[in-house]
$ cat model20.cif   # mmCIF, C-alpha atoms and all ligand atoms
data_structure
loop_
_atom_site.label_atom_id
_atom_site.label_comp_id
_atom_site.auth_asym_id
_atom_site.auth_seq_id
_atom_site.Cartn_x
_atom_site.Cartn_y
_atom_site.Cartn_z
CA MET A 1 17.00 -12.67 -6.91
CA GLU A 2 14.78 -14.62 -9.30
CA ASN A 3 15.86 -17.90 -7.66
CA LEU A 4 15.07 -16.56 -4.23
CA SER A 5 11.67 -15.42 -5.40
CA THR A 6 10.95 -18.89 -6.78
CA GLU A 7 12.14 -20.46 -3.55
CA PHE A 8 9.69 -18.30 -1.59
CA GLU A 9 6.69 -19.35 -3.71
CA SER A 10 5.74 -21.99 -1.17
CA ALA A 11 7.01 -20.13 1.92
CA HIS A 12 4.71 -18.75 4.60
CA PRO A 13 4.64 -14.91 4.67
CA GLN A 14 5.93 -15.03 8.22
CA ASP A 15 9.12 -16.74 7.04
CA ILE A 16 9.54 -14.24 4.22
CA LEU A 17 9.09 -11.35 6.66
CA ARG A 18 11.60 -12.90 9.06
CA TRP A 19 14.12 -13.29 6.24
CA ALA A 20 13.54 -9.68 5.15
CA ALA A 21 14.02 -8.32 8.67
CA GLU A 22 17.16 -10.39 9.26
CA THR A 23 18.64 -9.51 5.88
CA TYR A 24 17.93 -5.78 5.73
CA GLY A 25 17.45 -4.77 9.38
CA GLU A 26 16.95 -1.05 9.78
CA LYS A 27 17.25 -0.60 6.03
CA LEU A 28 13.92 -2.38 5.55
CA ALA A 29 10.63 -0.46 5.52
CA VAL A 30 7.00 -1.50 5.25
CA VAL A 31 4.94 0.79 3.06
CA THR A 32 1.23 0.40 3.64
CA SER A 33 -2.11 2.06 3.01
CA PHE A 34 -3.79 -0.24 5.56
CA GLN A 35 -5.68 -2.49 3.21
CA ILE A 36 -6.27 -5.96 4.67
CA THR A 37 -2.86 -7.21 3.53
CA GLY A 38 -1.22 -4.32 5.32
CA ILE A 39 -3.04 -5.11 8.55
CA VAL A 40 -1.82 -8.72 8.54
CA THR A 41 1.69 -7.62 7.57
CA LEU A 42 1.86 -5.20 10.49
CA HIS A 43 0.53 -7.77 12.92
CA MET A 44 3.06 -10.44 11.88
CA LEU A 45 5.92 -7.94 11.88
CA SER A 46 4.96 -6.60 15.29
CA GLN A 47 5.79 -10.08 16.57
CA ILE A 48 8.84 -10.80 14.40
CA ALA A 49 10.58 -7.44 14.10
CA PRO A 50 8.56 -4.69 15.80
CA GLU A 51 11.23 -2.06 15.18
CA THR A 52 10.79 -2.27 11.40
CA PRO A 53 9.94 1.23 10.10
CA VAL A 54 6.36 1.54 8.88
CA LEU A 55 5.63 4.25 6.32
CA THR A 56 2.36 5.46 4.89
CA LEU A 57 1.73 8.02 2.20
CA ASP A 58 -0.43 10.64 3.87
CA THR A 59 -1.75 12.54 0.88
CA GLY A 60 -3.87 14.74 3.12
CA LEU A 61 -6.87 13.30 1.30
CA LEU A 62 -7.42 9.99 3.07
CA PHE A 63 -10.77 8.97 4.54
CA PRO A 64 -11.39 9.92 8.19
CA GLU A 65 -11.81 6.16 8.79
CA THR A 66 -8.27 5.57 7.51
CA TYR A 67 -6.77 8.25 9.74
CA ALA A 68 -8.60 6.75 12.73
CA LEU A 69 -7.34 3.28 11.81
CA ILE A 70 -3.73 4.50 11.79
CA ASP A 71 -4.09 5.70 15.37
CA THR A 72 -5.81 2.46 16.41
CA LEU A 73 -3.10 0.29 14.87
CA GLU A 74 -0.34 2.23 16.60
CA ALA A 75 -2.04 1.75 19.96
CA LYS A 76 -3.06 -1.87 19.45
CA LEU A 77 0.18 -3.16 17.91
CA GLY A 78 2.54 -0.88 19.81
CA ILE A 79 4.14 0.40 16.62
CA SER A 80 4.95 3.83 15.30
CA ILE A 81 3.76 4.76 11.80
CA THR A 82 5.56 7.47 9.85
CA ARG A 83 3.22 9.64 7.79
CA ILE A 84 4.99 10.74 4.61
CA ALA A 85 3.54 14.02 3.43
CA PRO A 86 3.82 15.53 -0.06
CA GLU A 87 5.77 18.73 -0.56
CA LEU A 88 2.60 20.72 -1.19
CA SER A 89 -0.42 20.77 1.08
CA VAL A 90 -3.77 20.21 -0.60
CA VAL A 91 -4.45 23.95 -0.43
CA GLU A 92 -1.08 24.74 -2.06
CA GLN A 93 -1.66 22.14 -4.76
CA ASN A 94 -5.08 23.66 -5.48
CA GLN A 95 -3.44 27.07 -5.79
CA ASN A 96 -0.59 25.89 -8.01
CA TYR A 97 -2.32 23.31 -10.20
CA GLY A 98 -6.00 24.23 -10.03
CA VAL A 99 -8.67 23.00 -7.67
CA GLY A 100 -9.26 19.26 -7.73
CA LEU A 101 -6.23 18.10 -9.72
CA TRP A 102 -7.37 14.53 -8.95
CA GLU A 103 -10.39 15.09 -11.19
CA HIS A 104 -8.74 16.50 -14.28
CA GLU A 105 -5.23 15.01 -14.01
CA PRO A 106 -5.15 12.19 -11.45
CA ALA A 107 -1.85 10.80 -12.75
CA LEU A 108 -0.13 14.09 -11.94
CA CYS A 109 -1.89 14.31 -8.59
CA CYS A 110 -0.70 10.80 -7.65
CA TYR A 111 2.76 11.67 -8.88
CA LEU A 112 2.94 14.73 -6.63
CA ARG A 113 1.24 13.20 -3.60
CA LYS A 114 2.43 9.58 -3.71
CA VAL A 115 5.14 8.76 -6.24
CA LEU A 116 7.57 11.60 -5.52
CA PRO A 117 7.22 11.45 -1.71
CA LEU A 118 7.84 7.70 -1.71
CA GLN A 119 10.85 8.02 -4.02
CA LYS A 120 12.30 10.53 -1.58
CA ALA A 121 11.51 8.44 1.51
CA MET A 122 12.96 5.29 -0.02
CA GLN A 123 16.37 6.93 -0.36
CA SER A 124 16.89 5.91 3.27
CA TYR A 125 16.13 2.22 2.68
CA ASP A 126 17.52 -0.77 0.78
CA ALA A 127 14.34 -2.84 0.72
CA TRP A 128 10.60 -2.41 1.11
CA ILE A 129 7.65 -4.62 1.87
CA THR A 130 4.43 -4.08 -0.03
CA GLY A 131 0.97 -5.63 0.17
CA LEU A 132 0.53 -6.49 -3.50
CA ARG A 133 -1.35 -9.75 -4.18
CA ARG A 134 -1.83 -11.70 -7.37
CA ASP A 135 -5.56 -12.11 -6.83
CA GLN A 136 -6.16 -8.34 -6.81
CA SER A 137 -6.13 -7.62 -10.53
CA GLN A 138 -4.89 -8.76 -13.92
CA LYS A 139 -2.06 -6.27 -13.68
CA ARG A 140 -0.90 -7.74 -10.36
CA ALA A 141 -1.42 -11.39 -11.35
CA SER A 142 2.26 -12.14 -11.83
CA VAL A 143 4.02 -10.02 -9.22
CA PRO A 144 7.18 -11.77 -7.99
CA ILE A 145 7.79 -12.25 -4.26
CA VAL A 146 11.25 -10.69 -4.39
CA SER A 147 12.42 -8.39 -7.16
CA TRP A 148 14.63 -5.41 -7.88
CA ASP A 149 12.65 -2.20 -7.95
CA GLU A 150 14.36 0.17 -10.34
CA GLN A 151 12.10 3.10 -9.48
CA HIS A 152 13.13 3.07 -5.83
CA HIS A 153 16.59 1.51 -6.20
CA ALA A 154 15.62 -1.07 -3.62
CA VAL A 155 14.59 -4.68 -3.24
CA LYS A 156 10.83 -5.06 -3.34
CA ILE A 157 9.28 -7.81 -1.25
CA THR A 158 5.66 -8.95 -1.54
CA PRO A 159 5.26 -11.66 1.13
CA PHE A 160 1.53 -12.07 0.51
CA ALA A 161 1.64 -12.33 -3.28
CA THR A 162 0.17 -15.84 -3.16
CA TRP A 163 -2.43 -15.23 -0.44
CA THR A 164 -6.10 -14.69 -1.20
CA GLU A 165 -8.49 -12.16 0.24
CA GLU A 166 -10.26 -14.98 2.09
CA MET A 167 -7.04 -16.09 3.79
CA LEU A 168 -6.40 -12.56 5.00
CA TRP A 169 -9.90 -12.12 6.43
CA THR A 170 -9.57 -15.46 8.22
CA TYR A 171 -6.35 -14.19 9.82
CA ILE A 172 -7.82 -10.79 10.72
CA HIS A 173 -10.86 -12.33 12.40
CA ALA A 174 -8.80 -15.02 14.16
CA TYR A 175 -6.62 -12.37 15.81
CA GLU A 176 -9.45 -9.84 16.13
CA LEU A 177 -7.40 -7.19 14.36
CA PRO A 178 -8.79 -3.74 13.59
CA TYR A 179 -9.50 -2.97 9.94
CA ASN A 180 -10.96 -0.14 7.91
CA PRO A 181 -14.74 -0.11 8.50
CA LEU A 182 -15.24 1.03 4.91
CA HIS A 183 -14.57 -2.57 3.86
CA ASP A 184 -17.95 -3.46 5.38
CA ARG A 185 -19.61 -0.70 3.38
CA GLY A 186 -18.64 -1.92 -0.09
CA TYR A 187 -15.10 -0.59 -0.38
CA PRO A 188 -12.76 -3.55 -1.06
CA SER A 189 -9.87 -1.22 -1.97
CA ILE A 190 -9.43 2.12 -0.22
CA GLY A 191 -7.31 5.04 -1.40
CA CYS A 192 -7.88 8.79 -1.25
CA LEU A 193 -11.40 10.00 -0.57
CA PRO A 194 -11.93 11.88 -3.86
CA CYS A 195 -10.79 8.89 -5.95
CA THR A 196 -12.44 5.95 -4.21
CA ARG A 197 -16.05 4.77 -4.38
CA ALA A 198 -17.88 1.67 -3.20
CA VAL A 199 -18.22 -1.14 -5.76
CA GLN A 200 -21.40 -2.90 -6.79
CA ALA A 201 -21.88 -6.68 -6.70
CA GLY A 202 -20.07 -8.29 -9.62
CA GLU A 203 -17.73 -5.35 -10.20
CA ASP A 204 -13.96 -5.76 -10.12
CA LYS A 205 -12.51 -5.26 -6.63
CA ARG A 206 -10.52 -2.27 -7.79
CA ALA A 207 -13.32 -0.76 -9.90
CA GLY A 208 -13.90 1.82 -7.18
CA ARG A 209 -10.45 3.33 -7.61
CA TRP A 210 -10.21 6.27 -10.06
CA SER A 211 -13.62 5.35 -11.39
CA GLY A 212 -14.28 7.07 -14.71
CA HIS A 213 -10.57 7.27 -15.57
CA SER A 214 -8.38 4.75 -17.39
CA LYS A 215 -5.96 4.91 -14.47
CA THR A 216 -5.91 1.75 -12.30
CA GLU A 217 -2.70 2.20 -10.29
CA CYS A 218 -1.22 5.15 -8.44
CA GLY A 219 2.24 4.74 -9.94
CA ILE A 220 4.30 3.55 -6.99
CA HIS A 221 4.19 -0.06 -8.22
CA PHE A 222 3.58 0.27 -11.95
CA SER A 223 4.25 3.13 -14.31
CA THR A 224 1.15 5.19 -15.03
CA VAL A 225 2.70 7.26 -17.77
CA GLY A 226 -0.05 8.02 -20.24
CA ALA A 227 -2.86 7.09 -17.85
CA ASP A 228 -5.32 9.80 -16.96
S1 LIG B 301 -5.52 8.86 -5.30
FE1 LIG B 301 -6.55 10.69 -6.11
S2 LIG B 301 -6.38 12.29 -4.56
FE2 LIG B 301 -4.97 10.63 -4.02
S3 LIG B 301 -3.03 11.29 -4.86
FE3 LIG B 301 -3.98 9.98 -6.42
S4 LIG B 301 -5.21 11.33 -7.74
FE4 LIG B 301 -4.61 12.50 -5.89
#
$ encode --input "model20.cif" --output "structure tokens"
Amino acid sequence: MENLSTEFESAHPQDILRWAAETYGEKLAVVTSFQITGIVTLHMLSQIAPETPVLTLDTGLLFPETYALIDTLEAKLGISITRIAPELSVVEQNQNYGVGLWEHEPALCCYLRKVLPLQKAMQSYDAWITGLRRDQSQKRASVPIVSWDEQHHAVKITPFATWTEEMLWTYIHAYELPYNPLHDRGYPSIGCLPCTRAVQAGEDKRAGRWSGHSKTECGIHFSTVGAD
């Protein structure tokens, strides 16, 4: 797998996506939260392998703009997006764990609303496509293009690992693709509403995620054990 990953270093994402679809077929899923990488992924896949299952983790706490974007993408790209819901509704979680778990224990909240639901959903797949990029953060700077994902017992594919934010925006504008309007209001990275804020000039692109906590990842890509 390491050799394959090295081989793909200079490949175009379209070729990596084509290989993934041909290799894993219906056992391949895209998991996206509709950041700009996700938009380009969905557009390319809608042309290469439109039947590829698309999953999103619907925590019940996404921005209204994100929910609207999901509907728009389905209509514009002619795809169907599966919303994966956590076991507990937000109301039930508030009752069982206290109101606003995301404020006092965000790692547990992400575990309940993202990590566990994805682990369960991935039991039906052998491989998944993610939108991780090396230019996003120090932690993501060395993500491989193809790797074995122990957490989900599946092959993890990051076709856009080598692409930059600028390349993605060029693609989005060239094809006039819809994107989350929050990006134009200072939100480079968009997660759940209670845990995402706009960033100021000069701040890290992911500084608006879990601001005020040491946590920088939700746990589906990297372990967050010990992070608050
Ligand atoms: S991002 Fe925030 S609200 Fe969403 S699941 Fe994680 S802690 Fe909970």
$ residues_around --input "model20.cif" --residues "Gln200 of chain A" --least-positions-apart "5" --cutoff "9 Å" --atoms "only C-alpha atoms" --output "JSON, numbers by chain"
{"A": [186, 207, 208]}
$ residues_near_ligand --input "model20.cif" --ligand "ligand LIG 301 (chain B)" --cutoff "9 Å" --atoms "all atoms listed in the file" --output "number ranges by chain"
A: 59-62, 100-103, 105-115, 191-196, 209-210, 217-219
$ closest_atom_pairs --input "model20.cif" --of "segment 101-205 of chain A" --to "segment 4-21 of chain A" --cutoff "9 Å" --atoms "only C-alpha atoms" --output "JSON lines"
{"residue": "A:Ala127", "atom": "CA", "partner": "A:Ala20", "partner_atom": "CA", "distance": 8.2}
{"residue": "A:Trp128", "atom": "CA", "partner": "A:Ala20", "partner_atom": "CA", "distance": 8.8}
{"residue": "A:Ile129", "atom": "CA", "partner": "A:Leu17", "partner_atom": "CA", "distance": 8.4}
{"residue": "A:Pro144", "atom": "CA", "partner": "A:Ser5", "partner_atom": "CA", "distance": 6.3}
{"residue": "A:Ile145", "atom": "CA", "partner": "A:Ser5", "partner_atom": "CA", "distance": 5.1}
{"residue": "A:Val146", "atom": "CA", "partner": "A:Ser5", "partner_atom": "CA", "distance": 4.9}
{"residue": "A:Ser147", "atom": "CA", "partner": "A:Ser5", "partner_atom": "CA", "distance": 7.3}
{"residue": "A:Ile157", "atom": "CA", "partner": "A:Ala20", "partner_atom": "CA", "distance": 7.9}
{"residue": "A:Thr158", "atom": "CA", "partner": "A:Pro13", "partner_atom": "CA", "distance": 8.7}
{"residue": "A:Pro159", "atom": "CA", "partner": "A:Pro13", "partner_atom": "CA", "distance": 4.8}
{"residue": "A:Phe160", "atom": "CA", "partner": "A:Pro13", "partner_atom": "CA", "distance": 5.9}
{"residue": "A:Ala161", "atom": "CA", "partner": "A:Glu9", "partner_atom": "CA", "distance": 8.7}
{"residue": "A:Thr162", "atom": "CA", "partner": "A:Glu9", "partner_atom": "CA", "distance": 7.4}
{"residue": "A:Trp163", "atom": "CA", "partner": "A:Pro13", "partner_atom": "CA", "distance": 8.7}
$ atom_distance --input "model20.cif" --atom1 "atom CA of Gly212 of chain A" --atom2 "atom CA of Ser137 of chain A"
17.3 Å
$ residues_around --input "model20.cif" --residues "Thr41 of chain A" --least-positions-apart "4" --cutoff "8 Å" --atoms "all atoms listed in the file" --output "PDB file with C-alpha atoms, keeping the file's coordinate frame"
ATOM      1  CA  THR A  37      -2.860  -7.210   3.530  1.00  0.00           C
ATOM      2  CA  LEU A  45       5.920  -7.940  11.880  1.00  0.00           C
ATOM      3  CA  GLY A 131       0.970  -5.630   0.170  1.00  0.00           C
TER       4      GLY A 131
END
$ atom_distance --input "model20.cif" --atom1 "atom CA of Glu74 of chain A" --atom2 "atom CA of Ala121 of chain A"
20.2 Å
$ closest_residue --input "model20.cif" --among "A:Asn94, A:Thr130, A:Thr216, A:Ser211" --to "Thr56 of chain A" --atoms "all atoms listed in the file"
A:Thr130
$ residues_around --input "model20.cif" --residues "His221 of chain A" --least-positions-apart "6" --cutoff "9 Å" --atoms "all atoms listed in the file" --output "NGL selection string"
:A and (132 or 149 or 151)
$ axis_aligned_box --input "model20.cif" --around "segment 174-177 of chain A" --padding-each-side "3 Å" --output "lines of an AutoDock Vina configuration file"
center_x = -8.0
center_y = -11.1
center_z = 15.1
size_x = 8.8
size_y = 13.8
size_z = 8.0
$ closest_residue --input "model20.cif" --among "A:Lys76, A:Lys120, A:Arg134, A:Arg140" --to "Ser46 of chain A" --atoms "only C-alpha atoms"
A:Lys76
$ residues_around --input "model20.cif" --residues "Glu165 of chain A" --least-positions-apart "2" --cutoff "8 Å" --atoms "only C-alpha atoms" --output "list in words"
Ile36, Asp135, Trp163, Met167, Leu168 and Trp169 of chain A
$ closest_residue --input "model20.cif" --among "A:Val90, A:Ala68, A:Ile79, A:Ala198" --to "Val54 of chain A" --atoms "all atoms listed in the file"
A:Ile79
$ atom_distance --input "model20.cif" --atom1 "atom CA of Leu57 of chain A" --atom2 "atom CA of Arg83 of chain A"
6.0 Å
$ residues_around --input "model20.cif" --residues "Met122 of chain A" --least-positions-apart "5" --cutoff "10 Å" --atoms "only C-alpha atoms" --output "VMD selection string"
chain A and resid 27 to 29 31 55 116 to 117 127 to 128 151 to 154
$ residues_near_point --input "model20.cif" --point "(-11.0, -9.3, -5.2)" --cutoff "10 Å" --atoms "only C-alpha atoms" --output "list in words"
Arg133, Arg134, Asp135, Gln136, Ser137, Thr164, Glu165, Glu166, Pro188, Ser189, Glu203, Asp204, Lys205 and Arg206 of chain A
$ write_last_selection --input "model20.cif" --atoms "C-alpha atoms" --output "compact mmCIF listing (two decimals), in the coordinates of the input"
# COMPACT_ATOMS: atom_id res chain seq x y z
CA ARG A 133 -1.35 -9.75 -4.18
CA ARG A 134 -1.83 -11.70 -7.37
CA ASP A 135 -5.56 -12.11 -6.83
CA GLN A 136 -6.16 -8.34 -6.81
CA SER A 137 -6.13 -7.62 -10.53
CA THR A 164 -6.10 -14.69 -1.20
CA GLU A 165 -8.49 -12.16 0.24
CA GLU A 166 -10.26 -14.98 2.09
CA PRO A 188 -12.76 -3.55 -1.06
CA SER A 189 -9.87 -1.22 -1.97
CA GLU A 203 -17.73 -5.35 -10.20
CA ASP A 204 -13.96 -5.76 -10.12
CA LYS A 205 -12.51 -5.26 -6.63
CA ARG A 206 -10.52 -2.27 -7.79
$ decode --input "model20.cif" --residues "segment 65-78 of chain A" --atoms "N, CA and C atoms" --output "PDB file, in the first residue's frame"
ATOM      1  N   GLU A  65     -26.526  26.881   6.817  1.00  0.00           N
ATOM      2  CA  GLU A  65     -25.904  27.018   5.494  1.00  0.00           C
ATOM      3  C   GLU A  65     -25.395  25.663   4.997  1.00  0.00           C
ATOM      4  N   THR A  66     -24.928  24.827   5.907  1.00  0.00           N
ATOM      5  CA  THR A  66     -24.414  23.506   5.512  1.00  0.00           C
ATOM      6  C   THR A  66     -25.569  22.596   5.093  1.00  0.00           C
ATOM      7  N   TYR A  67     -26.658  22.644   5.870  1.00  0.00           N
ATOM      8  CA  TYR A  67     -27.817  21.815   5.496  1.00  0.00           C
ATOM      9  C   TYR A  67     -28.357  22.242   4.128  1.00  0.00           C
ATOM     10  N   ALA A  68     -28.374  23.554   3.880  1.00  0.00           N
ATOM     11  CA  ALA A  68     -28.869  24.041   2.582  1.00  0.00           C
ATOM     12  C   ALA A  68     -27.930  23.586   1.464  1.00  0.00           C
ATOM     13  N   LEU A  69     -26.632  23.600   1.738  1.00  0.00           N
ATOM     14  CA  LEU A  69     -25.653  23.197   0.722  1.00  0.00           C
ATOM     15  C   LEU A  69     -25.818  21.720   0.346  1.00  0.00           C
ATOM     16  N   ILE A  70     -26.138  20.892   1.324  1.00  0.00           N
ATOM     17  CA  ILE A  70     -26.342  19.463   1.040  1.00  0.00           C
ATOM     18  C   ILE A  70     -27.459  19.294   0.009  1.00  0.00           C
ATOM     19  N   ASP A  71     -28.561  19.996   0.248  1.00  0.00           N
ATOM     20  CA  ASP A  71     -29.694  19.914  -0.690  1.00  0.00           C
ATOM     21  C   ASP A  71     -29.296  20.429  -2.071  1.00  0.00           C
ATOM     22  N   THR A  72     -28.566  21.529  -2.099  1.00  0.00           N
ATOM     23  CA  THR A  72     -28.147  22.124  -3.379  1.00  0.00           C
ATOM     24  C   THR A  72     -27.244  21.165  -4.145  1.00  0.00           C
ATOM     25  N   LEU A  73     -26.314  20.545  -3.449  1.00  0.00           N
ATOM     26  CA  LEU A  73     -25.377  19.628  -4.124  1.00  0.00           C
ATOM     27  C   LEU A  73     -26.110  18.419  -4.697  1.00  0.00           C
ATOM     28  N   GLU A  74     -27.064  17.910  -3.953  1.00  0.00           N
ATOM     29  CA  GLU A  74     -27.830  16.763  -4.464  1.00  0.00           C
ATOM     30  C   GLU A  74     -28.534  17.131  -5.767  1.00  0.00           C
ATOM     31  N   ALA A  75     -29.134  18.314  -5.777  1.00  0.00           N
ATOM     32  CA  ALA A  75     -29.874  18.740  -6.967  1.00  0.00           C
ATOM     33  C   ALA A  75     -28.925  19.047  -8.119  1.00  0.00           C
ATOM     34  N   LYS A  76     -27.845  19.762  -7.821  1.00  0.00           N
ATOM     35  CA  LYS A  76     -26.947  20.208  -8.896  1.00  0.00           C
ATOM     36  C   LYS A  76     -26.132  19.049  -9.488  1.00  0.00           C
ATOM     37  N   LEU A  77     -25.662  18.147  -8.629  1.00  0.00           N
ATOM     38  CA  LEU A  77     -24.799  17.068  -9.123  1.00  0.00           C
ATOM     39  C   LEU A  77     -25.579  15.778  -9.413  1.00  0.00           C
ATOM     40  N   GLY A  78     -26.830  15.752  -9.062  1.00  0.00           N
ATOM     41  CA  GLY A  78     -27.633  14.557  -9.303  1.00  0.00           C
ATOM     42  C   GLY A  78     -27.167  13.370  -8.462  1.00  0.00           C
TER      43      GLY A  78
END
